file my_file.pdb (PDB, C-alpha atoms)
ATOM      1  CA  MET A  24     -57.231 -14.898 -15.676
ATOM      2  CA  PRO A  25     -57.717 -11.529 -17.415
ATOM      3  CA  SER A  26     -59.998 -11.116 -20.410
ATOM      4  CA  VAL A  27     -58.481 -10.410 -23.814
ATOM      5  CA  SER A  28     -60.643  -7.345 -24.401
ATOM      6  CA  LEU A  29     -59.767  -5.820 -21.048
ATOM      7  CA  LEU A  30     -56.043  -6.354 -21.459
ATOM      8  CA  SER A  31     -56.181  -4.952 -24.981
ATOM      9  CA  TYR A  32     -57.750  -1.854 -23.453
ATOM     10  CA  ILE A  33     -55.041  -1.596 -20.796
ATOM     11  CA  PHE A  34     -52.313  -1.827 -23.405
ATOM     12  CA  SER A  35     -54.040   0.810 -25.533
ATOM     13  CA  GLN A  36     -53.535   3.399 -22.817
ATOM     14  CA  SER A  37     -50.273   4.673 -24.276
ATOM     15  CA  PRO A  38     -48.958   8.239 -24.425
ATOM     16  CA  SER A  39     -49.800  10.327 -27.473
ATOM     17  CA  SER A  40     -46.142  10.493 -28.406
ATOM     18  CA  THR A  41     -43.451   7.838 -28.264
ATOM     19  CA  ILE A  42     -41.589   7.647 -24.974
ATOM     20  CA  THR A  43     -38.000   6.522 -25.096
ATOM     21  CA  THR A  44     -36.639   5.383 -21.785
ATOM     22  CA  GLN A  45     -33.534   3.618 -20.581
ATOM     23  CA  PHE A  46     -34.433   0.738 -18.270
ATOM     24  CA  SER A  47     -31.653  -1.524 -17.073
ATOM     25  CA  TYR A  48     -31.659  -5.021 -15.809
ATOM     26  CA  PRO A  49     -28.223  -5.793 -14.381
ATOM     27  CA  HIS A  50     -26.990  -6.854 -17.844
ATOM     28  CA  ILE A  51     -29.710  -5.681 -20.246
ATOM     29  CA  LEU A  52     -30.356  -2.265 -21.748
ATOM     30  CA  ILE A  53     -33.976  -1.463 -22.535
ATOM     31  CA  SER A  54     -34.752   1.399 -24.884
ATOM     32  CA  SER A  55     -37.582   2.722 -27.064
ATOM     33  CA  TYR A  56     -40.464   1.017 -25.261
ATOM     34  CA  PRO A  57     -43.373   3.138 -26.552
ATOM     35  CA  HIS A  58     -46.434   0.944 -26.164
ATOM     36  CA  ILE A  59     -46.987   0.964 -22.399
ATOM     37  CA  PRO A  60     -47.218   4.116 -20.272
ATOM     38  CA  VAL A  61     -43.795   4.423 -18.678
ATOM     39  CA  PRO A  62     -43.482   6.347 -15.403
ATOM     40  CA  ALA A  63     -40.978   9.145 -15.684
ATOM     41  CA  GLN A  64     -39.213   7.857 -12.576
ATOM     42  CA  ILE A  65     -38.084   4.647 -14.311
ATOM     43  CA  SER A  66     -34.468   5.148 -15.278
ATOM     44  CA  ASN A  67     -31.035   3.637 -15.040
ATOM     45  CA  THR A  68     -30.493   5.606 -11.852
ATOM     46  CA  SER A  69     -33.612   4.377 -10.093
ATOM     47  CA  THR A  70     -32.991   0.799 -11.199
ATOM     48  CA  ALA A  71     -29.429   0.915  -9.983
ATOM     49  CA  ALA A  72     -30.605   2.326  -6.666
ATOM     50  CA  MET A  73     -32.993  -0.587  -6.233
ATOM     51  CA  ALA A  74     -30.389  -3.130  -7.255
ATOM     52  CA  THR A  75     -27.732  -1.782  -4.887
ATOM     53  CA  SER A  76     -29.844  -0.801  -1.878
ATOM     54  CA  PRO A  77     -28.316  -2.635   1.124
ATOM     55  CA  ALA A  78     -31.721  -3.082   2.748
ATOM     56  CA  ILE A  79     -33.192  -4.639  -0.399
ATOM     57  CA  LEU A  80     -30.175  -6.897  -0.922
ATOM     58  CA  ILE A  81     -30.095  -8.089   2.685
ATOM     59  CA  THR A  82     -33.830  -8.741   2.742
ATOM     60  CA  THR A  83     -33.684 -10.571  -0.591
ATOM     61  CA  LEU A  84     -30.806 -12.815   0.519
ATOM     62  CA  PHE A  85     -32.452 -13.589   3.853
ATOM     63  CA  PHE A  86     -35.805 -14.335   2.249
ATOM     64  CA  ALA A  87     -34.299 -16.617  -0.409
ATOM     65  CA  THR A  88     -32.397 -18.530   2.282
ATOM     66  CA  LEU A  89     -35.504 -18.909   4.422
ATOM     67  CA  ILE A  90     -37.577 -20.280   1.556
ATOM     68  CA  ALA A  91     -34.869 -22.686   0.466
ATOM     69  CA  ALA A  92     -34.683 -24.091   3.998
ATOM     70  CA  SER A  93     -38.417 -24.878   4.035
ATOM     71  CA  SER A  94     -38.970 -25.961   0.453
ATOM     72  CA  ALA A  95     -41.218 -28.907  -0.388
ATOM     73  CA  ASN A  96     -41.130 -31.665  -2.978
ATOM     74  CA  PHE A  97     -43.086 -31.146  -6.207
ATOM     75  CA  TYR A  98     -44.071 -34.820  -6.389
ATOM     76  CA  GLN A  99     -45.701 -34.499  -2.971
ATOM     77  CA  ASN A 100     -47.480 -31.196  -3.549
ATOM     78  CA  PHE A 101     -48.491 -30.920  -7.213
ATOM     79  CA  ASP A 102     -50.092 -32.770 -10.105
ATOM     80  CA  ILE A 103     -49.200 -32.075 -13.717
ATOM     81  CA  THR A 104     -52.592 -31.465 -15.316
ATOM     82  CA  TRP A 105     -51.949 -30.813 -18.995
ATOM     83  CA  GLY A 106     -49.274 -30.523 -21.660
ATOM     84  CA  ASP A 107     -48.760 -34.100 -22.886
ATOM     85  CA  GLY A 108     -45.268 -34.445 -21.446
ATOM     86  CA  ARG A 109     -44.257 -30.788 -21.717
ATOM     87  CA  ALA A 110     -44.355 -30.375 -17.933
ATOM     88  CA  LYS A 111     -41.644 -32.284 -16.061
ATOM     89  CA  ILE A 112     -40.685 -32.862 -12.431
ATOM     90  CA  LEU A 113     -36.924 -33.302 -12.173
ATOM     91  CA  ASN A 114     -34.064 -33.634  -9.675
ATOM     92  CA  ASN A 115     -35.948 -36.012  -7.369
ATOM     93  CA  GLY A 116     -38.848 -33.584  -7.102
ATOM     94  CA  ASP A 117     -36.843 -30.421  -6.402
ATOM     95  CA  LEU A 118     -37.386 -28.819  -9.827
ATOM     96  CA  LEU A 119     -40.424 -28.463 -12.083
ATOM     97  CA  THR A 120     -40.349 -27.144 -15.654
ATOM     98  CA  LEU A 121     -43.141 -26.068 -17.988
ATOM     99  CA  SER A 122     -42.675 -25.883 -21.751
ATOM    100  CA  LEU A 123     -44.589 -24.327 -24.614
ATOM    101  CA  ASP A 124     -44.374 -25.087 -28.322
ATOM    102  CA  LYS A 125     -46.705 -24.373 -31.217
ATOM    103  CA  ALA A 126     -48.834 -27.439 -30.452
ATOM    104  CA  SER A 127     -49.428 -26.864 -26.738
ATOM    105  CA  GLY A 128     -48.426 -25.268 -23.481
ATOM    106  CA  SER A 129     -48.455 -27.021 -20.102
ATOM    107  CA  GLY A 130     -49.562 -26.607 -16.518
ATOM    108  CA  PHE A 131     -49.843 -28.004 -13.012
ATOM    109  CA  GLN A 132     -51.973 -27.577  -9.897
ATOM    110  CA  SER A 133     -51.620 -28.212  -6.189
ATOM    111  CA  LYS A 134     -52.913 -31.410  -4.662
ATOM    112  CA  ASN A 135     -54.259 -29.418  -1.711
ATOM    113  CA  GLU A 136     -56.833 -26.672  -1.479
ATOM    114  CA  TYR A 137     -56.071 -23.791   0.884
ATOM    115  CA  LEU A 138     -58.204 -21.320   2.789
ATOM    116  CA  PHE A 139     -55.633 -18.629   3.697
ATOM    117  CA  GLY A 140     -51.895 -19.024   3.606
ATOM    118  CA  LYS A 141     -48.459 -17.591   2.991
ATOM    119  CA  ILE A 142     -47.326 -19.169  -0.258
ATOM    120  CA  ASP A 143     -43.937 -18.798  -1.931
ATOM    121  CA  ILE A 144     -42.354 -20.231  -5.045
ATOM    122  CA  GLN A 145     -39.133 -19.501  -6.867
ATOM    123  CA  LEU A 146     -39.488 -19.040 -10.612
ATOM    124  CA  LYS A 147     -37.107 -18.453 -13.508
ATOM    125  CA  LEU A 148     -38.959 -17.128 -16.528
ATOM    126  CA  VAL A 149     -38.624 -17.910 -20.238
ATOM    127  CA  PRO A 150     -35.388 -16.282 -21.467
ATOM    128  CA  GLY A 151     -34.688 -14.492 -24.747
ATOM    129  CA  ASN A 152     -37.547 -13.649 -27.067
ATOM    130  CA  SER A 153     -40.549 -14.564 -24.935
ATOM    131  CA  ALA A 154     -43.006 -12.305 -26.790
ATOM    132  CA  GLY A 155     -46.524 -13.716 -26.870
ATOM    133  CA  THR A 156     -46.002 -16.089 -23.943
ATOM    134  CA  VAL A 157     -47.631 -15.865 -20.529
ATOM    135  CA  THR A 158     -46.413 -17.637 -17.401
ATOM    136  CA  ALA A 159     -49.258 -17.665 -14.871
ATOM    137  CA  TYR A 160     -48.996 -18.485 -11.169
ATOM    138  CA  TYR A 161     -52.195 -18.005  -9.194
ATOM    139  CA  LEU A 162     -54.680 -19.184  -6.598
ATOM    140  CA  SER A 163     -58.235 -19.908  -7.725
ATOM    141  CA  SER A 164     -61.477 -21.514  -6.608
ATOM    142  CA  LYS A 165     -64.112 -22.923  -8.961
ATOM    143  CA  GLY A 166     -67.609 -21.918 -10.018
ATOM    144  CA  ALA A 167     -69.371 -18.872 -11.439
ATOM    145  CA  THR A 168     -68.539 -16.719  -8.403
ATOM    146  CA  TRP A 169     -64.938 -17.823  -8.024
ATOM    147  CA  ASP A 170     -62.139 -16.116  -6.100
ATOM    148  CA  GLU A 171     -58.678 -15.689  -7.597
ATOM    149  CA  ILE A 172     -55.305 -14.097  -6.782
ATOM    150  CA  ASP A 173     -53.079 -13.651  -9.841
ATOM    151  CA  PHE A 174     -49.425 -13.322 -10.707
ATOM    152  CA  GLU A 175     -48.985 -13.335 -14.506
ATOM    153  CA  PHE A 176     -45.730 -12.677 -16.342
ATOM    154  CA  LEU A 177     -46.177 -11.256 -19.825
ATOM    155  CA  GLY A 178     -43.278 -12.050 -22.148
ATOM    156  CA  ASN A 179     -41.505  -9.601 -24.409
ATOM    157  CA  VAL A 180     -38.969  -9.407 -27.211
ATOM    158  CA  THR A 181     -35.320  -9.893 -26.350
ATOM    159  CA  GLY A 182     -33.924  -7.022 -24.306
ATOM    160  CA  GLN A 183     -37.252  -5.539 -23.295
ATOM    161  CA  PRO A 184     -38.782  -6.075 -19.860
ATOM    162  CA  TYR A 185     -41.304  -8.609 -18.737
ATOM    163  CA  ILE A 186     -44.509  -7.135 -17.341
ATOM    164  CA  LEU A 187     -45.743  -8.514 -14.022
ATOM    165  CA  HIS A 188     -49.557  -8.433 -14.128
ATOM    166  CA  THR A 189     -51.501  -8.776 -10.852
ATOM    167  CA  ASN A 190     -55.236  -9.067 -10.209
ATOM    168  CA  VAL A 191     -57.674 -10.014  -7.440
ATOM    169  CA  PHE A 192     -61.077 -11.599  -8.080
ATOM    170  CA  SER A 193     -63.756 -11.889  -5.410
ATOM    171  CA  GLN A 194     -67.095 -13.578  -6.067
ATOM    172  CA  GLY A 195     -66.353 -13.647  -9.795
ATOM    173  CA  LYS A 196     -65.467  -9.959 -10.089
ATOM    174  CA  GLY A 197     -61.962  -8.874 -11.010
ATOM    175  CA  ASN A 198     -61.008  -5.726 -12.938
ATOM    176  CA  ARG A 199     -58.389  -4.873 -10.311
ATOM    177  CA  GLU A 200     -55.281  -4.945 -12.472
ATOM    178  CA  GLN A 201     -51.950  -3.510 -11.437
ATOM    179  CA  GLN A 202     -48.868  -4.004 -13.617
ATOM    180  CA  PHE A 203     -45.179  -3.607 -12.855
ATOM    181  CA  TYR A 204     -41.756  -3.813 -14.365
ATOM    182  CA  LEU A 205     -39.252  -5.753 -12.270
ATOM    183  CA  TRP A 206     -35.961  -4.309 -11.033
ATOM    184  CA  PHE A 207     -33.943  -7.315 -12.197
ATOM    185  CA  ASP A 208     -33.790  -9.754 -15.096
ATOM    186  CA  PRO A 209     -36.301 -12.496 -14.099
ATOM    187  CA  THR A 210     -34.853 -14.888 -16.693
ATOM    188  CA  ALA A 211     -31.252 -14.930 -15.426
ATOM    189  CA  ASP A 212     -31.915 -16.645 -12.104
ATOM    190  CA  PHE A 213     -34.654 -17.796  -9.745
ATOM    191  CA  HIS A 214     -36.607 -15.192  -7.782
ATOM    192  CA  THR A 215     -39.236 -15.663  -5.082
ATOM    193  CA  TYR A 216     -42.847 -14.637  -5.740
ATOM    194  CA  SER A 217     -45.111 -14.691  -2.694
ATOM    195  CA  ILE A 218     -48.763 -14.330  -1.790
ATOM    196  CA  LEU A 219     -49.822 -13.577   1.766
ATOM    197  CA  TRP A 220     -53.560 -14.241   2.074
ATOM    198  CA  ASN A 221     -55.198 -13.887   5.452
ATOM    199  CA  PRO A 222     -58.653 -12.706   6.550
ATOM    200  CA  GLN A 223     -57.517  -9.079   6.643
ATOM    201  CA  ARG A 224     -55.439  -8.629   3.493
ATOM    202  CA  ILE A 225     -53.718 -10.006   0.415
ATOM    203  CA  VAL A 226     -50.095  -8.959  -0.137
ATOM    204  CA  PHE A 227     -48.095  -9.662  -3.302
ATOM    205  CA  SER A 228     -44.316  -9.735  -2.778
ATOM    206  CA  VAL A 229     -41.214 -10.226  -4.920
ATOM    207  CA  ASP A 230     -38.062 -11.453  -3.177
ATOM    208  CA  GLY A 231     -39.588 -10.394   0.125
ATOM    209  CA  THR A 232     -40.421  -6.880  -1.070
ATOM    210  CA  PRO A 233     -44.178  -6.123  -1.036
ATOM    211  CA  ILE A 234     -45.458  -4.624  -4.276
ATOM    212  CA  ARG A 235     -49.222  -4.606  -3.709
ATOM    213  CA  GLU A 236     -51.760  -4.900  -0.893
ATOM    214  CA  PHE A 237     -55.499  -5.577  -1.244
ATOM    215  CA  ARG A 238     -57.288  -5.083   2.064
ATOM    216  CA  ASN A 239     -60.506  -6.594   3.353
ATOM    217  CA  LEU A 240     -63.052  -3.786   2.977
ATOM    218  CA  GLU A 241     -66.221  -5.794   3.430
ATOM    219  CA  SER A 242     -67.318  -3.083   5.868
ATOM    220  CA  ILE A 243     -68.019  -0.834   2.864
ATOM    221  CA  GLY A 244     -69.529  -3.562   0.716
ATOM    222  CA  ILE A 245     -66.466  -4.783  -1.233
ATOM    223  CA  PRO A 246     -66.326  -8.610  -1.397
ATOM    224  CA  PHE A 247     -63.101 -10.195  -0.129
ATOM    225  CA  PRO A 248     -61.869 -13.751  -0.847
ATOM    226  CA  LYS A 249     -62.379 -15.504   2.477
ATOM    227  CA  ASN A 250     -64.944 -18.286   2.114
ATOM    228  CA  GLN A 251     -63.809 -20.338  -0.880
ATOM    229  CA  PRO A 252     -60.790 -22.649  -0.657
ATOM    230  CA  MET A 253     -58.401 -22.252  -3.575
ATOM    231  CA  ARG A 254     -55.815 -24.389  -5.310
ATOM    232  CA  ILE A 255     -52.498 -23.175  -6.657
ATOM    233  CA  TYR A 256     -52.237 -23.262 -10.445
ATOM    234  CA  SER A 257     -49.467 -22.463 -12.868
ATOM    235  CA  SER A 258     -49.280 -22.625 -16.643
ATOM    236  CA  LEU A 259     -47.180 -21.533 -19.597
ATOM    237  CA  TRP A 260     -49.276 -20.747 -22.653
ATOM    238  CA  ASN A 261     -49.490 -18.767 -25.867
ATOM    239  CA  ALA A 262     -51.421 -15.489 -25.644
ATOM    240  CA  ASP A 263     -50.000 -13.529 -28.542
ATOM    241  CA  ASP A 264     -53.391 -11.995 -29.290
ATOM    242  CA  TRP A 265     -52.905  -9.697 -26.264
ATOM    243  CA  ALA A 266     -49.855 -10.472 -24.119
ATOM    244  CA  THR A 267     -47.095  -8.409 -25.731
ATOM    245  CA  GLN A 268     -47.736  -4.774 -26.591
ATOM    246  CA  GLY A 269     -51.455  -5.414 -26.866
ATOM    247  CA  GLY A 270     -51.032  -8.250 -29.363
ATOM    248  CA  ARG A 271     -48.901  -6.253 -31.786
ATOM    249  CA  VAL A 272     -45.941  -8.601 -31.285
ATOM    250  CA  LYS A 273     -46.574 -12.282 -32.022
ATOM    251  CA  THR A 274     -44.892 -15.416 -30.746
ATOM    252  CA  ASP A 275     -41.787 -16.374 -32.712
ATOM    253  CA  TRP A 276     -42.195 -20.134 -32.906
ATOM    254  CA  SER A 277     -38.672 -20.553 -34.273
ATOM    255  CA  GLN A 278     -37.564 -19.909 -30.658
ATOM    256  CA  ALA A 279     -39.661 -22.782 -29.267
ATOM    257  CA  PRO A 280     -39.736 -24.665 -27.002
ATOM    258  CA  PHE A 281     -40.109 -21.946 -24.380
ATOM    259  CA  THR A 282     -39.365 -23.108 -20.833
ATOM    260  CA  ALA A 283     -40.028 -21.726 -17.344
ATOM    261  CA  SER A 284     -38.575 -23.348 -14.220
ATOM    262  CA  TYR A 285     -39.834 -23.633 -10.633
ATOM    263  CA  ARG A 286     -38.233 -24.608  -7.345
ATOM    264  CA  ASN A 287     -38.495 -24.130  -3.555
ATOM    265  CA  PHE A 288     -42.258 -24.160  -3.162
ATOM    266  CA  ASN A 289     -43.409 -23.433   0.372
ATOM    267  CA  ALA A 290     -46.968 -23.184   1.695
ATOM    268  CA  ASN A 291     -47.400 -22.131   5.309
ATOM    269  CA  ALA A 292     -51.146 -22.414   4.935
ATOM    270  CA  CYS A 293     -54.473 -23.742   6.153
ATOM    271  CA  VAL A 294     -55.234 -26.881   4.165
ATOM    272  CA  TRP A 295     -58.924 -27.382   3.392
ATOM    273  CA  SER A 296     -60.101 -30.973   3.327
ATOM    274  CA  SER A 297     -63.547 -32.607   3.686
ATOM    275  CA  GLY A 298     -65.147 -29.304   4.613
ATOM    276  CA  SER A 299     -62.744 -28.302   7.388
ATOM    277  CA  SER A 300     -59.506 -26.385   7.803
ATOM    278  CA  SER A 301     -56.241 -27.614   9.257
ATOM    279  CA  CYS A 302     -56.076 -24.320  11.187
ATOM    280  CA  SER A 303     -58.113 -24.107  14.367
ATOM    281  CA  SER A 304     -61.069 -21.744  13.964
ATOM    282  CA  ASN A 305     -60.770 -20.470  17.525
ATOM    283  CA  SER A 306     -57.048 -19.695  17.553
ATOM    284  CA  THR A 307     -56.042 -16.436  19.182
ATOM    285  CA  PRO A 308     -53.240 -14.359  17.608
ATOM    286  CA  SER A 309     -50.816 -15.512  20.307
ATOM    287  CA  SER A 310     -51.632 -19.194  19.874
ATOM    288  CA  SER A 311     -51.430 -18.815  16.092
ATOM    289  CA  SER A 312     -47.960 -17.360  16.470
ATOM    290  CA  ALA A 313     -46.900 -20.177  18.727
ATOM    291  CA  ARG A 314     -48.038 -22.689  16.117
ATOM    292  CA  GLY A 315     -46.136 -20.925  13.355
ATOM    293  CA  ASN A 316     -49.261 -19.309  11.923
ATOM    294  CA  ALA A 317     -48.383 -15.691  12.698
ATOM    295  CA  TRP A 318     -49.172 -14.905   9.063
ATOM    296  CA  LEU A 319     -52.896 -15.342   9.900
ATOM    297  CA  THR A 320     -52.811 -11.934  11.592
ATOM    298  CA  GLU A 321     -49.809 -10.440   9.787
ATOM    299  CA  GLU A 322     -50.046  -6.759   8.883
ATOM    300  CA  MET A 323     -47.947  -4.372   6.822
ATOM    301  CA  ASP A 324     -45.589  -2.520   9.151
ATOM    302  CA  SER A 325     -44.364   0.994   8.378
ATOM    303  CA  LYS A 326     -41.112  -0.260   6.839
ATOM    304  CA  ASN A 327     -42.899  -2.537   4.396
ATOM    305  CA  GLU A 328     -45.457   0.173   3.618
ATOM    306  CA  GLU A 329     -42.600   2.473   2.600
ATOM    307  CA  ARG A 330     -40.916  -0.220   0.533
ATOM    308  CA  MET A 331     -44.183  -0.960  -1.279
ATOM    309  CA  LYS A 332     -44.787   2.731  -1.976
ATOM    310  CA  TRP A 333     -41.259   3.040  -3.341
ATOM    311  CA  VAL A 334     -41.719   0.102  -5.725
ATOM    312  CA  GLN A 335     -45.082   1.430  -6.879
ATOM    313  CA  SER A 336     -43.677   4.900  -7.523
ATOM    314  CA  LYS A 337     -40.746   3.584  -9.556
ATOM    315  CA  TYR A 338     -41.970   0.428 -11.284
ATOM    316  CA  MET A 339     -45.764   0.431 -11.534
ATOM    317  CA  ILE A 340     -46.886   0.993 -15.141
ATOM    318  CA  TYR A 341     -50.643   0.465 -14.838
ATOM    319  CA  ASN A 342     -53.044   0.937 -11.918
ATOM    320  CA  TYR A 343     -56.780   0.522 -12.274
ATOM    321  CA  CYS A 344     -57.183   2.871  -9.331
ATOM    322  CA  THR A 345     -55.950   5.816 -11.397
ATOM    323  CA  ASP A 346     -57.680   4.966 -14.694
ATOM    324  CA  THR A 347     -60.429   7.570 -14.842
ATOM    325  CA  LYS A 348     -61.052   6.873 -18.552
ATOM    326  CA  ARG A 349     -61.935   3.287 -17.738
ATOM    327  CA  PHE A 350     -64.147   4.299 -14.809
ATOM    328  CA  PRO A 351     -65.810   7.559 -15.949
ATOM    329  CA  GLN A 352     -68.555   7.203 -13.318
ATOM    330  CA  GLY A 353     -65.981   7.120 -10.539
ATOM    331  CA  LEU A 354     -63.100   4.941  -9.413
ATOM    332  CA  PRO A 355     -63.875   1.728  -7.485
ATOM    333  CA  ALA A 356     -64.561   2.375  -3.811
ATOM    334  CA  GLU A 357     -61.447   0.555  -2.596
ATOM    335  CA  CYS A 358     -59.282   2.951  -4.603
ATOM    336  CA  THR A 359     -60.262   5.926  -2.465
ATOM    337  CA  THR A 360     -60.342   4.210   0.934
ATOM    338  CA  ALA A 361     -57.296   1.936   1.201
ATOM    339  CA  SER A 362     -54.405   0.268  -0.571
ATOM    340  CA  SER A 363     -55.600  -2.055  -3.310
TER     341      SER A 363
END
call {"tool": "encode", "arguments": {"input": "my_file.pdb", "output": "structure tokens"}}
result
Amino acid sequence: MPSVSLLSYIFSQSPSSTITTQFSYPHILISSYPHIPVPAQISNTSTAAMATSPAILITTLFFATLIAASSANFYQNFDITWGDGRAKILNNGDLLTLSLDKASGSGFQSKNEYLFGKIDIQLKLVPGNSAGTVTAYYLSSKGATWDEIDFEFLGNVTGQPYILHTNVFSQGKGNREQQFYLWFDPTADFHTYSILWNPQRIVFSVDGTPIREFRNLESIGIPFPKNQPMRIYSSLWNADDWATQGGRVKTDWSQAPFTASYRNFNANACVWSSGSSSCSSNSTPSSSSARGNAWLTEEMDSKNEERMKWVQSKYMIYNYCTDTKRFPQGLPAECTTASS
């Protein structure tokens, strides 16, 4: 989870003059969004291109169908951990909802721990005025030198875009934030958010489209999450001291309860139990593929590299790897050697 002071800094990195941009979800017009640096490429035209690209649409439809076919039951896979009744498992275990009101938020965690996996969940975010709220979906271990892989969705006032905040922690060190707008309204329907985590890389994807890759660069001294099993966590909570426009916009409690919904969880993953993994330690790539564990050696092909670069050029609004003010002594080593 990001620190308040660090996120306040990120949100303070705004242009000297107000930027007015037109950013369209399919049915929402966004204008006058001055508080976050907005890439010049973000426009109605670029958004429409993303929304209507045949390749993106076909991939999204295929991916959603695949996940739905292999979805798992929330009763079987998760425990509600807090919220005093605000988290609910519904529809015979096919749907989970989290709610937030002024008294409390809510959350859940996976029954299993995982050491590497390809993990997908479909999520529909809090609609309307979600300013001040954060919906977090992440993998994390425990302890002072924990590992963590973060998706966090920062709410906003009605008609203005959610911010997708990503981060990677290894051995207790994070500070690897990248933030994005989405090319659709994440409150109108369910969308699939995925984490591929294998010994070589971590890839964040949205509806099958990769948006970020963090590679294993232990060869140059950069720790990589590979030794600590992690659980899946998700929560909906109030963070109006930093979440929306750096804390300038507070939660409107007259809109409560705020609700986020989850379905179609799938974990093609190595389950860690009693000190051992469900995946064979001596599997070759071919045998892993035969057992359905091809993700253990999965790489980014040229097509996905191009798709990721396109998303980053059009929709990324913050990248620690370009923040020279934050790192005056030099950017982190991974920023100059590989995708991060």
call {"tool": "residues_around", "arguments": {"input": "my_file.pdb", "residues": "region 122-138 of chain A", "least_positions_apart": "6", "cutoff": "8 Å", "atoms": "only C-alpha atoms", "output": "number ranges by chain"}}
result
A: 100-107, 109-110, 249-261, 276, 279-283, 292-296, 300
call {"tool": "atom_distance", "arguments": {"input": "my_file.pdb", "atom1": "CA of Tyr204 (chain A)", "atom2": "CA of Phe174 (chain A)"}}
result
12.8 Å
call {"tool": "resolve_selection", "arguments": {"input": "my_file.pdb", "expression": "the PyMOL selection byres ((chain A and resi 285) around 12)", "output": "MDAnalysis selection string"}}
result
chainID A and resid 94:97 101 110:114 116:122 130:131 143:149 158:160 210 212:216 257:259 282:284 286:289
call {"tool": "axis_aligned_box", "arguments": {"input": "my_file.pdb", "around": "region 323-333 of chain A", "padding_each_side": "8 Å", "output": "AutoDock Vina command-line options"}}
result
--center_x -44.4 --center_y -0.7 --center_z 2.9 --size_x 23.0 --size_y 23.4 --size_z 28.5
call {"tool": "closest_residue", "arguments": {"input": "my_file.pdb", "among": "A:Ser277, A:Pro233, A:Gly151, A:Thr345", "to": "Pro209 (chain A)", "atoms": "all atoms listed in the file"}}
result
A:Gly151
call {"tool": "atom_distance", "arguments": {"input": "my_file.pdb", "atom1": "CA of Gln201 (chain A)", "atom2": "CA of Ile186 (chain A)"}}
result
10.2 Å
call {"tool": "closest_residue", "arguments": {"input": "my_file.pdb", "among": "A:Val157, A:Ser193, A:Lys337, A:Glu328", "to": "Asp263 (chain A)", "atoms": "all atoms listed in the file"}}
result
A:Val157
call {"tool": "resolve_selection", "arguments": {"input": "my_file.pdb", "expression": "the PyMOL selection byres ((chain A and resi 331) around 8)", "output": "list of chain:residue names"}}
result
A:Thr232, A:Pro233, A:Ile234, A:Arg235, A:Asn327, A:Glu328, A:Glu329, A:Arg330, A:Lys332, A:Trp333, A:Val334, A:Gln335
call {"tool": "atom_distance", "arguments": {"input": "my_file.pdb", "atom1": "CA of Leu205 (chain A)", "atom2": "CA of Asp230 (chain A)"}}
result
10.8 Å
call {"tool": "resolve_selection", "arguments": {"input": "my_file.pdb", "expression": "the PyMOL selection byres ((chain A and resi 168) around 10)", "output": "list in words"}}
result
Ser164, Lys165, Gly166, Ala167, Trp169, Asp170, Glu171, Phe192, Ser193, Gln194, Gly195, Lys196 and Gln251 of chain A
